[in-house]
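Colleague: So I've got this file, data_27.txt, and it contains compact mmCIF, C-alpha atoms and all ligand atoms:
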```
# COMPACT_ATOMS: atom_id res chain seq x y z
CA MET A 1 71.67 87.03 92.72
CA ALA A 2 74.19 84.73 94.41
CA PRO A 3 77.49 86.36 95.32
CA ASP A 4 80.64 85.73 93.26
CA HIS A 5 82.92 83.55 95.34
CA HIS A 6 86.71 84.07 95.33
CA ARG A 7 89.49 82.08 96.96
CA VAL A 8 91.47 85.17 97.88
CA THR A 9 90.63 88.83 97.61
CA ILE A 10 93.16 91.66 97.76
CA ILE A 11 91.82 95.03 98.84
CA GLY A 12 94.24 97.78 97.79
CA SER A 13 96.52 98.32 94.79
CA GLY A 14 99.69 99.89 96.19
CA PRO A 15 103.04 98.05 96.26
CA ALA A 16 101.72 95.72 99.00
CA GLY A 17 98.57 94.71 97.11
CA HIS A 18 100.33 94.21 93.77
CA THR A 19 103.19 92.19 95.23
CA ALA A 20 100.66 89.94 96.97
CA ALA A 21 98.76 89.63 93.68
CA ILE A 22 101.86 88.64 91.68
CA TYR A 23 102.82 85.93 94.17
CA LEU A 24 99.28 84.56 94.52
CA ALA A 25 98.60 84.54 90.79
CA ARG A 26 101.85 82.70 90.11
CA ALA A 27 100.83 80.15 92.78
CA GLN A 28 97.55 79.52 90.86
CA MET A 29 95.45 81.00 93.68
CA GLN A 30 93.27 83.05 91.25
CA PRO A 31 93.41 86.31 93.21
CA ILE A 32 90.96 89.11 92.61
CA MET A 33 92.00 92.66 93.48
CA PHE A 34 89.81 95.66 94.23
CA GLU A 35 92.06 98.58 93.37
CA GLY A 36 89.83 101.41 94.59
CA MET A 37 88.21 104.06 92.48
CA MET A 38 89.17 107.71 92.00
CA ALA A 39 85.51 108.73 92.25
CA ASN A 40 85.40 107.32 95.78
CA GLY A 41 88.54 109.21 96.80
CA PHE A 42 90.96 106.30 96.32
CA ALA A 43 93.88 106.36 93.91
CA PRO A 44 94.35 103.05 92.11
CA GLY A 45 98.06 102.37 92.44
CA GLY A 46 98.20 103.96 95.87
CA GLN A 47 100.37 106.68 97.36
CA LEU A 48 103.20 106.44 94.82
CA THR A 49 100.88 107.73 92.11
CA THR A 50 100.85 111.05 93.97
CA THR A 51 104.59 111.61 93.71
CA THR A 52 107.10 112.23 90.92
CA ASP A 53 110.49 110.47 91.03
CA VAL A 54 111.03 107.42 93.18
CA GLU A 55 114.77 107.08 93.62
CA ASN A 56 115.02 104.46 96.33
CA TYR A 57 113.11 101.52 94.84
CA PRO A 58 115.74 98.95 93.86
CA GLY A 59 116.14 98.06 90.21
CA PHE A 60 115.83 101.53 88.75
CA PRO A 61 119.33 103.07 88.76
CA THR A 62 118.14 106.43 87.44
CA GLY A 63 114.87 106.45 89.41
CA ILE A 64 111.36 105.97 88.08
CA LEU A 65 108.17 107.99 88.16
CA GLY A 66 105.84 106.76 90.91
CA SER A 67 102.96 106.36 88.47
CA GLU A 68 105.16 104.40 86.02
CA LEU A 69 106.31 102.06 88.77
CA MET A 70 102.71 101.38 89.77
CA ASP A 71 101.59 100.92 86.14
CA SER A 72 104.35 98.32 85.75
CA MET A 73 103.29 96.50 88.90
CA ARG A 74 99.67 96.49 87.66
CA GLU A 75 100.71 95.12 84.28
CA GLN A 76 102.74 92.40 85.99
CA SER A 77 99.81 91.46 88.27
CA ILE A 78 97.53 91.08 85.26
CA ARG A 79 100.11 89.19 83.21
CA CYS A 80 100.49 86.71 86.05
CA GLY A 81 96.71 86.16 86.15
CA THR A 82 95.20 88.57 88.68
CA VAL A 83 91.69 89.83 87.99
CA ILE A 84 91.57 93.54 88.81
CA GLU A 85 88.32 95.36 89.50
CA THR A 86 88.42 99.17 89.51
CA GLU A 87 86.00 99.33 92.39
CA THR A 88 86.06 100.27 96.05
CA ILE A 89 85.05 97.90 98.80
CA ALA A 90 82.54 99.66 101.04
CA LYS A 91 81.76 96.97 103.64
CA VAL A 92 83.42 93.82 104.92
CA ASP A 93 81.98 91.15 107.21
CA THR A 94 84.55 88.78 108.71
CA SER A 95 82.22 87.35 111.36
CA SER A 96 81.38 84.19 109.40
CA ARG A 97 82.93 82.07 106.59
CA PRO A 98 83.23 82.78 103.78
CA PHE A 99 83.94 86.47 104.40
CA LYS A 100 81.48 88.85 102.77
CA LEU A 101 82.35 91.94 100.71
CA TRP A 102 80.13 94.74 99.47
CA ARG A 103 81.23 97.04 96.64
CA GLU A 104 80.68 100.81 96.83
CA GLY A 105 77.07 101.55 95.91
CA SER A 106 75.75 98.15 96.99
CA GLU A 107 76.58 98.36 100.69
CA ASN A 108 72.91 98.52 101.68
CA GLU A 109 72.04 95.29 99.87
CA GLU A 110 71.45 92.33 102.14
CA VAL A 111 73.28 89.88 99.92
CA PRO A 112 76.90 90.87 99.25
CA ALA A 113 78.23 90.99 95.70
CA ASP A 114 81.28 88.93 96.66
CA THR A 115 82.39 86.30 99.15
CA THR A 116 85.93 85.09 99.73
CA ASP A 117 87.86 82.47 101.69
CA ALA A 118 90.75 84.82 102.46
CA ILE A 119 91.41 88.54 102.41
CA ILE A 120 94.67 90.41 101.99
CA PHE A 121 94.02 93.86 103.36
CA ALA A 122 96.45 96.41 101.86
CA THR A 123 94.53 99.67 101.97
CA GLY A 124 97.50 101.83 103.01
CA ALA A 125 97.61 104.95 105.13
CA SER A 126 97.69 108.67 104.54
CA ALA A 127 99.89 111.28 106.13
CA LYS A 128 98.05 113.84 108.20
CA ARG A 129 98.22 117.36 106.82
CA MET A 130 97.41 120.69 108.42
CA ASN A 131 95.66 122.36 105.46
CA LEU A 132 97.41 125.67 106.13
CA PRO A 133 96.96 128.63 103.83
CA GLY A 134 99.43 128.15 100.96
CA GLU A 135 99.79 124.41 101.63
CA SER A 136 98.00 123.10 98.56
CA LYS A 137 99.81 125.61 96.32
CA TYR A 138 103.27 124.43 97.43
CA TRP A 139 102.47 120.75 98.09
CA GLN A 140 105.32 118.77 96.51
CA ASN A 141 107.00 122.09 95.66
CA GLY A 142 108.65 122.41 99.04
CA ILE A 143 106.00 120.79 101.22
CA SER A 144 106.00 117.05 101.84
CA ALA A 145 105.00 114.48 104.41
CA CYS A 146 107.88 112.09 103.75
CA ALA A 147 111.43 113.26 104.40
CA VAL A 148 112.93 109.91 103.47
CA CYS A 149 111.12 110.02 100.12
CA ASP A 150 111.72 113.64 99.17
CA GLY A 151 114.53 114.97 101.39
CA ALA A 152 117.35 114.32 98.92
CA ALA A 153 115.78 116.50 96.21
CA PRO A 154 118.04 119.35 94.95
CA LEU A 155 115.42 121.85 96.17
CA PHE A 156 116.38 121.09 99.77
CA ARG A 157 120.18 120.92 99.43
CA ASN A 158 122.02 123.28 101.82
CA LYS A 159 118.79 125.12 102.60
CA PRO A 160 116.98 125.74 105.90
CA LEU A 161 114.10 123.31 106.37
CA VAL A 162 111.19 123.00 108.81
CA VAL A 163 109.78 119.81 110.33
CA VAL A 164 106.47 119.89 112.20
CA GLY A 165 105.81 117.39 115.00
CA GLY A 166 107.33 116.17 118.23
CA GLY A 167 107.10 112.38 117.91
CA ASP A 168 109.59 109.74 116.85
CA SER A 169 108.82 110.37 113.18
CA ALA A 170 109.57 114.07 113.51
CA ALA A 171 112.82 113.33 115.34
CA GLU A 172 113.86 110.69 112.82
CA GLU A 173 112.92 112.80 109.80
CA ALA A 174 114.62 115.93 111.16
CA ILE A 175 117.84 114.03 111.82
CA TYR A 176 117.64 112.45 108.37
CA LEU A 177 117.22 115.90 106.79
CA THR A 178 120.37 117.24 108.49
CA LYS A 179 122.30 115.26 105.83
CA TYR A 180 121.04 117.69 103.19
CA ALA A 181 119.89 120.86 104.94
CA SER A 182 121.90 123.83 106.14
CA LYS A 183 119.69 123.83 109.25
CA VAL A 184 116.54 122.02 110.42
CA HIS A 185 113.94 123.82 112.52
CA VAL A 186 111.56 121.52 114.39
CA LEU A 187 108.22 123.04 115.41
CA VAL A 188 106.65 121.35 118.44
CA ARG A 189 103.22 122.52 119.55
CA ARG A 190 103.64 121.67 123.25
CA ASP A 191 106.56 122.28 125.60
CA VAL A 192 107.62 118.63 125.47
CA LEU A 193 108.54 116.10 122.82
CA ARG A 194 106.45 112.97 122.48
CA ALA A 195 109.46 111.13 121.01
CA SER A 196 111.24 108.43 123.00
CA LYS A 197 114.04 109.61 125.29
CA VAL A 198 116.80 108.40 123.05
CA MET A 199 115.34 110.00 119.91
CA ALA A 200 114.55 113.22 121.78
CA SER A 201 118.07 113.46 123.10
CA ARG A 202 119.55 112.84 119.64
CA LEU A 203 117.34 115.57 118.24
CA LEU A 204 117.98 118.14 120.94
CA ASN A 205 121.74 117.63 120.79
CA HIS A 206 122.13 117.73 117.03
CA PRO A 207 124.21 120.76 116.03
CA LYS A 208 122.13 121.41 112.90
CA VAL A 209 118.75 121.18 114.64
CA GLN A 210 116.86 123.93 116.44
CA VAL A 211 113.74 122.83 118.31
CA HIS A 212 111.07 125.50 118.76
CA PHE A 213 108.70 124.48 121.54
CA LYS A 214 105.13 125.82 121.84
CA THR A 215 105.26 126.66 118.15
CA SER A 216 102.86 125.81 115.34
CA PRO A 217 103.04 126.75 111.65
CA ILE A 218 100.17 128.94 110.45
CA GLU A 219 100.92 129.74 106.81
CA CYS A 220 103.14 128.67 103.92
CA ILE A 221 104.62 131.46 101.83
CA GLY A 222 106.35 131.02 98.50
CA ASN A 223 107.54 132.82 95.39
CA GLY A 224 104.76 131.45 93.21
CA ASP A 225 106.79 128.34 92.28
CA VAL A 226 108.31 126.99 95.48
CA LEU A 227 108.07 127.46 99.24
CA THR A 228 110.35 130.12 100.72
CA GLU A 229 109.03 130.86 104.21
CA VAL A 230 106.92 129.41 107.01
CA LEU A 231 104.90 131.65 109.29
CA PHE A 232 104.38 130.38 112.83
CA ARG A 233 102.58 131.23 116.04
CA ASN A 234 103.56 130.71 119.66
CA THR A 235 100.83 128.37 120.95
CA GLU A 236 100.91 130.00 124.41
CA THR A 237 101.31 133.71 123.75
CA GLY A 238 99.93 133.86 120.21
CA GLU A 239 103.00 135.81 119.12
CA LYS A 240 103.75 135.36 115.41
CA GLY A 241 107.02 135.01 113.53
CA SER A 242 108.54 133.57 110.37
CA ILE A 243 111.31 131.19 109.34
CA GLU A 244 113.01 131.23 105.96
CA ALA A 245 112.61 127.69 104.63
CA SER A 246 112.80 125.82 101.33
CA GLY A 247 111.10 122.80 102.82
CA LEU A 248 108.26 122.06 105.21
CA PHE A 249 107.88 118.43 106.25
CA TYR A 250 104.85 117.23 108.17
CA ALA A 251 105.53 114.50 110.69
CA ILE A 252 102.32 114.73 112.67
CA GLY A 253 101.19 111.15 112.27
CA HIS A 254 99.39 109.04 109.70
CA THR A 255 95.86 107.77 109.39
CA PRO A 256 95.71 104.10 108.42
CA ALA A 257 92.75 103.16 106.18
CA THR A 258 91.18 100.69 108.59
CA SER A 259 87.66 102.05 109.10
CA LEU A 260 86.28 99.11 107.05
CA VAL A 261 87.38 96.57 109.64
CA LYS A 262 87.23 98.55 112.89
CA GLY A 263 85.56 96.36 115.52
CA GLN A 264 86.24 93.19 113.50
CA VAL A 265 90.04 92.96 113.38
CA ASP A 266 92.34 93.99 116.24
CA LEU A 267 93.79 97.48 115.78
CA ASP A 268 96.39 99.27 117.89
CA GLU A 269 95.75 102.56 119.68
CA GLN A 270 96.52 104.53 116.50
CA GLY A 271 94.22 102.42 114.34
CA TYR A 272 96.86 100.27 112.59
CA ILE A 273 96.07 96.59 112.07
CA LYS A 274 97.89 94.43 114.59
CA THR A 275 99.84 91.62 112.96
CA VAL A 276 101.73 88.79 114.61
CA PRO A 277 105.35 90.05 114.51
CA GLY A 278 107.25 88.71 111.54
CA SER A 279 104.08 87.73 109.67
CA SER A 280 100.92 89.13 108.08
CA LEU A 281 98.62 87.18 110.38
CA THR A 282 95.90 89.08 112.26
CA ASN A 283 93.60 87.91 115.04
CA VAL A 284 91.08 86.80 112.36
CA GLU A 285 92.07 83.56 110.66
CA GLY A 286 92.19 84.01 106.89
CA PHE A 287 92.47 87.81 107.12
CA PHE A 288 96.00 89.02 106.35
CA ALA A 289 97.32 92.57 106.44
CA ALA A 290 100.17 94.06 104.41
CA GLY A 291 101.82 97.42 103.80
CA ASP A 292 101.34 100.76 105.48
CA VAL A 293 97.99 99.73 106.95
CA GLN A 294 99.92 97.62 109.48
CA ASP A 295 103.24 99.49 109.56
CA LYS A 296 103.60 102.78 111.35
CA ARG A 297 107.37 102.66 111.43
CA TYR A 298 108.92 102.14 107.99
CA ARG A 299 106.19 103.19 105.53
CA GLN A 300 108.21 102.69 102.35
CA ALA A 301 107.28 101.19 99.01
CA ILE A 302 109.87 98.44 99.35
CA THR A 303 108.81 97.44 102.87
CA SER A 304 105.17 97.44 101.73
CA ALA A 305 106.05 95.24 98.77
CA GLY A 306 107.96 92.90 101.10
CA SER A 307 105.02 92.58 103.44
CA GLY A 308 102.73 91.97 100.45
CA CYS A 309 104.91 89.00 99.59
CA MET A 310 104.65 87.75 103.19
CA ALA A 311 100.85 88.07 103.10
CA ALA A 312 100.65 86.11 99.84
CA LEU A 313 102.77 83.28 101.24
CA ASP A 314 100.73 83.25 104.47
CA ALA A 315 97.45 83.24 102.52
CA GLU A 316 98.66 80.52 100.17
CA ARG A 317 99.51 78.28 103.11
CA TYR A 318 96.17 79.04 104.78
CA LEU A 319 94.19 78.24 101.63
CA SER A 320 96.15 75.05 100.96
CA GLU A 321 95.38 73.81 104.48
CA LEU A 322 91.72 74.90 104.20
CA GLU A 323 91.28 73.04 100.92
CA CYS A 324 92.92 69.78 102.10
P1 LIG B 1 99.14 102.47 99.37
O1 LIG B 1 100.19 102.81 98.39
O2 LIG B 1 98.63 103.53 100.26
O3 LIG B 1 97.92 101.85 98.56
C1 LIG B 1 96.70 101.61 99.18
C2 LIG B 1 95.71 101.22 98.13
O4 LIG B 1 94.49 100.82 98.74
C3 LIG B 1 95.32 102.32 97.16
O5 LIG B 1 95.44 101.75 95.90
C4 LIG B 1 93.84 102.59 97.43
O6 LIG B 1 93.16 102.87 96.23
C5 LIG B 1 93.41 101.24 97.96
N1 LIG B 1 92.24 101.25 98.82
C6 LIG B 1 92.11 101.85 100.03
N2 LIG B 1 90.88 101.58 100.53
C7 LIG B 1 90.25 100.79 99.62
C8 LIG B 1 88.97 100.19 99.56
N3 LIG B 1 88.09 100.35 100.54
N4 LIG B 1 88.64 99.46 98.48
C9 LIG B 1 89.55 99.30 97.46
N5 LIG B 1 90.78 99.82 97.48
C10 LIG B 1 91.12 100.57 98.54
N6 LIG B 1 108.09 105.31 99.49
C11 LIG B 1 109.30 104.98 98.98
O7 LIG B 1 109.77 103.88 99.24
N7 LIG B 1 109.98 105.84 98.16
C12 LIG B 1 109.49 107.05 97.80
O8 LIG B 1 110.13 107.81 97.08
C13 LIG B 1 108.21 107.42 98.31
N8 LIG B 1 107.67 108.62 97.99
C14 LIG B 1 106.44 108.95 98.47
C15 LIG B 1 105.91 110.16 98.12
C16 LIG B 1 104.66 110.53 98.58
C17 LIG B 1 104.08 111.86 98.18
C18 LIG B 1 103.93 109.64 99.45
C19 LIG B 1 102.56 110.04 99.96
C20 LIG B 1 104.48 108.42 99.83
C21 LIG B 1 105.74 108.06 99.35
N9 LIG B 1 106.33 106.86 99.70
C22 LIG B 1 107.54 106.51 99.17
C23 LIG B 1 105.67 105.91 100.61
C24 LIG B 1 104.98 104.81 99.80
O9 LIG B 1 104.21 105.39 98.78
C25 LIG B 1 104.11 103.94 100.70
O10 LIG B 1 104.89 103.40 101.74
C26 LIG B 1 103.49 102.80 99.91
O11 LIG B 1 102.78 103.27 98.80
C27 LIG B 1 102.54 101.99 100.78
O12 LIG B 1 102.05 100.97 99.99
P2 LIG B 1 100.71 100.20 100.38
O13 LIG B 1 100.53 99.19 99.31
O14 LIG B 1 100.76 99.76 101.78
O15 LIG B 1 99.54 101.27 100.33
P1 LIG B 2 102.96 110.44 116.99
O1 LIG B 2 101.47 110.39 117.05
O2 LIG B 2 103.75 109.67 117.98
O3 LIG B 2 103.44 111.95 117.11
C1 LIG B 2 102.81 112.95 116.36
C2 LIG B 2 103.42 114.28 116.76
O4 LIG B 2 102.83 115.29 115.95
C3 LIG B 2 103.17 114.65 118.22
O5 LIG B 2 104.27 115.36 118.73
C4 LIG B 2 101.95 115.56 118.11
O6 LIG B 2 101.90 116.53 119.14
C5 LIG B 2 102.24 116.26 116.80
N1 LIG B 2 101.02 116.74 116.17
C6 LIG B 2 99.91 116.02 115.86
N2 LIG B 2 99.01 116.81 115.25
C7 LIG B 2 99.56 118.04 115.19
C8 LIG B 2 99.13 119.28 114.69
N3 LIG B 2 97.93 119.41 114.12
N4 LIG B 2 99.95 120.36 114.79
C9 LIG B 2 101.18 120.25 115.34
N5 LIG B 2 101.66 119.08 115.84
C10 LIG B 2 100.86 118.00 115.76
O7 LIG B 2 103.31 110.01 115.48
P2 LIG B 2 104.69 109.50 114.87
O8 LIG B 2 104.42 109.37 113.40
O9 LIG B 2 105.81 110.33 115.32
O10 LIG B 2 104.87 108.04 115.48
C11 LIG B 2 103.85 107.05 115.29
C12 LIG B 2 104.31 105.77 115.99
O11 LIG B 2 105.42 105.20 115.29
C13 LIG B 2 104.77 106.00 117.42
O12 LIG B 2 104.38 104.87 118.15
C14 LIG B 2 106.27 106.06 117.29
O13 LIG B 2 106.94 105.67 118.48
C15 LIG B 2 106.53 105.04 116.17
N6 LIG B 2 107.78 105.37 115.45
C16 LIG B 2 108.94 104.86 115.92
C17 LIG B 2 110.14 105.17 115.32
C18 LIG B 2 111.39 104.61 115.88
O14 LIG B 2 111.33 103.92 116.86
N7 LIG B 2 112.52 104.89 115.29
C19 LIG B 2 110.21 106.04 114.14
C20 LIG B 2 108.92 106.58 113.75
C21 LIG B 2 107.76 106.26 114.39
P3 LIG B 2 101.46 116.13 120.65
O15 LIG B 2 102.62 115.40 121.21
O16 LIG B 2 101.21 117.46 121.23
O17 LIG B 2 100.23 115.29 120.48
```
What is this file in structure tokens?

Modeller:
Amino acid sequence: MAPDHHRVTIIGSGPAGHTAAIYLARAQMQPIMFEGMMANGFAPGGQLTTTTDVENYPGFPTGILGSELMDSMREQSIRCGTVIETETIAKVDTSSRPFKLWREGSENEEVPADTTDAIIFATGASAKRMNLPGESKYWQNGISACAVCDGAAPLFRNKPLVVVGGGDSAAEEAIYLTKYASKVHVLVRRDVLRASKVMASRLLNHPKVQVHFKTSPIECIGNGDVLTEVLFRNTETGEKGSIEASGLFYAIGHTPATSLVKGQVDLDEQGYIKTVPGSSLTNVEGFFAAGDVQDKRYRQAITSAGSGCMAALDAERYLSELEC
């Protein structure tokens, strides 16, 4: 059977994918979106569907549930004319035009199910976790991987908190948390910080921060409802100890969902898609990237939505020139 041909295909249904869809549909570009499928380990709607209240997305003065926000974006995408397929893309070939796409389950077929003139790649990223004993029990009940998202919650107010990691994210998140916490303990597995000099110095000199070098968390303890304590181990001597904490924030890096295009599109050393600064353009003409998959710094719903808009405008211009 001949493949279905699309002008523009959006892979991913987080804030970046839906914003791109809304703009492209309104510009009569007939976008199709593959939103991912739960059964394949992908949450349609993206990362925000895994959280409760989102309090920093503009337009919702009393906050909004992450899943409600994403349902609204989906409804808006459809109302504007986007076709949404609840399927996962399993293989992409950008080596010739049109680009080829294989859906999960058909990746071994020679002929792809879909071809497309342009792709907006918005597959997101996921925070690395340590899978410690107790972690899944207290996940989102004291344990988080996003201080900016969750740090202001009443649970963390005037309480001791723990941040794990020694990079710029850990430094930034720990300093951010000092606004709410009584004290922030930063656990660094080596005897040095990976963070830039300026961030490291800010962290080390902050009166509310205590950095514990050569220290790794080993277990999360709670009272059955919320986290109350973090057990740790000295990475050199093996000596164990514990810190009273109402919050444990992982800042040990993210994994961008780029395995589909590795070797086809330029990635940076951490696997994020490289875009031309200030745009969504990649090294492959017609392949645009938006959201967390190309952003290791901000990683917020609003910045993802903004970059989805950029990708739609870039793709629209590309397609208009292609079709002239
Ligand atoms: P994502 O939201 O990650 O969406 C990626 C999408 O791609 C998913 O829909 C997935 O199904 C799909 N996908 C992936 N691979 C494929 C494939 N092969 N085929 C088809 N589909 C695919 N930010 C805030 O601004 N405020 C907050 O309060 C906030 N709270 C958060 C709480 C938690 C627990 C987490 C984890 C994150 C939070 N964030 C928050 C961050 C925010 O969720 C992300 O920055 C944002 O969702 C990134 O959007 P995105 O569109 O780039 O990707
Ligand atoms: P990084 O990869 O830079 O740092 C991750 C940190 O987590 C490292 O200290 C690493 O330790 C530690 N770590 C990793 N795995 C574990 C583990 N299993 N147990 C304990 N510790 C662990 O990630 P970041 O998210 O901090 O930064 C990503 C990129 O984004 C960087 O390029 C950074 O500069 C940039 N960024 C810049 C910001 C800014 O300029 N304001 C803000 C945030 C990010 P080790 O050092 O031993 O490997």

Colleague: Point out the residue among A:Leu24, A:Met73, A:Val188, A:Val226 with the least atom-to-atom distance to ligand LIG 2 (chain B), counting all atoms listed in the file.

Modeller: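 Checking each of A:Leu24, A:Met73, A:Val188, A:Val226 against ligand LIG 2 (chain B), counting all atoms listed in the file, the winner is A:Val188.
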
Colleague: Nearest to ligand LIG 2 (chain B): which of A:Val148, A:Ala122, A:Ile143, A:Ile84 is it, counting all atoms listed in the file?

Modeller: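 Result for the nearest residue to ligand LIG 2 (chain B): A:Val148.
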
Colleague: Please provide the set of residues having any atom within 9 Å of Gln300 of chain A, restricted to all atoms listed in the file, with same-chain residues fewer than 6 positions apart removed, written as number ranges by chain.

Modeller: A: 148-149, 291-292

Colleague: Hey, which residues sit close to ligand LIG 2 (chain B)? Say within 10 Å, counting all atoms listed in the file, and write them as a VMD selection string.

Modeller: chain A and resid 127 to 131 163 to 173 187 to 196 198 to 199 214 to 218 235 250 to 255 268 to 270 272 295 to 299

Colleague: Go through A:Gln294, A:Gly151, A:Ser259, A:Tyr23 one by one, measure the shortest atom-to-atom distance of each to Asp314 of chain A using all atoms listed in the file, and give the residue with the smallest value.

Modeller: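 Using all atoms listed in the file, the shortest distance to Asp314 of chain A belongs to A:Tyr23.
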
Colleague: Using all atoms of segment 24-32 of chain A that appear in the file, construct an axis-aligned enclosing box with 5 Å of padding on every side and provide its centre coordinates and edge lengths in Å, rounded to one decimal, as AutoDock Vina command-line options.

Modeller:
```
--center_x 96.4 --center_y 84.3 --center_z 92.3 --size_x 20.9 --size_y 19.6 --size_z 14.4
```

Colleague: Residues of segment 38-121 of chain A within 7 Å of segment 12-18 of chain A: nearest atom pair and distance (Å, one decimal) for each, counting only C-alpha atoms, sorted by chain and number, as a Markdown table?

Modeller:
```
| residue | atom | partner | partner_atom | distance |
| --- | --- | --- | --- | --- |
| A:Pro44 | CA | A:Ser13 | CA | 5.9 |
| A:Gly45 | CA | A:Gly14 | CA | 4.8 |
| A:Gly46 | CA | A:Gly14 | CA | 4.3 |
| A:Gln47 | CA | A:Gly14 | CA | 6.9 |
| A:Met73 | CA | A:His18 | CA | 6.1 |
| A:Arg74 | CA | A:His18 | CA | 6.6 |
| A:Ser77 | CA | A:His18 | CA | 6.2 |
| A:Phe121 | CA | A:Gly12 | CA | 6.8 |
```

Colleague: Any chance you could export segment 160-172 of chain A with N, CA and C atoms, as a tab-separated table (two decimals), in the first residue's frame?

Modeller:
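Result saved to result09.tsv:
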```tsv
chain	number	residue	atom	x	y	z
A	160	PRO	N	13.61	21.60	55.87
A	160	PRO	CA	14.89	21.23	55.25
A	160	PRO	C	14.65	20.39	53.99
A	161	LEU	N	15.41	20.69	52.96
A	161	LEU	CA	15.24	19.99	51.68
A	161	LEU	C	16.59	19.47	51.20
A	162	VAL	N	16.55	18.46	50.34
A	162	VAL	CA	17.79	17.88	49.79
A	162	VAL	C	17.75	17.99	48.27
A	163	VAL	N	18.87	18.40	47.68
A	163	VAL	CA	19.02	18.39	46.22
A	163	VAL	C	20.17	17.44	45.90
A	164	VAL	N	19.98	16.59	44.90
A	164	VAL	CA	21.06	15.68	44.50
A	164	VAL	C	21.63	16.14	43.17
A	165	GLY	N	22.96	16.24	43.08
A	165	GLY	CA	23.61	16.63	41.83
A	165	GLY	C	24.62	17.73	42.07
A	166	GLY	N	25.56	17.86	41.15
A	166	GLY	CA	26.60	18.87	41.32
A	166	GLY	C	26.77	19.75	40.10
A	167	GLY	N	25.79	19.70	39.18
A	167	GLY	CA	25.89	20.51	37.97
A	167	GLY	C	25.20	21.85	38.11
A	168	ASP	N	25.08	22.56	36.99
A	168	ASP	CA	24.42	23.87	37.01
A	168	ASP	C	22.96	23.76	37.45
A	169	SER	N	22.29	22.67	37.02
A	169	SER	CA	20.88	22.53	37.41
A	169	SER	C	20.77	22.40	38.92
A	170	ALA	N	21.62	21.57	39.51
A	170	ALA	CA	21.57	21.37	40.96
A	170	ALA	C	21.82	22.70	41.67
A	171	ALA	N	22.81	23.44	41.20
A	171	ALA	CA	23.13	24.73	41.83
A	171	ALA	C	21.94	25.68	41.70
A	172	GLU	N	21.40	25.75	40.48
A	172	GLU	CA	20.30	26.68	40.24
A	172	GLU	C	19.07	26.28	41.08
```
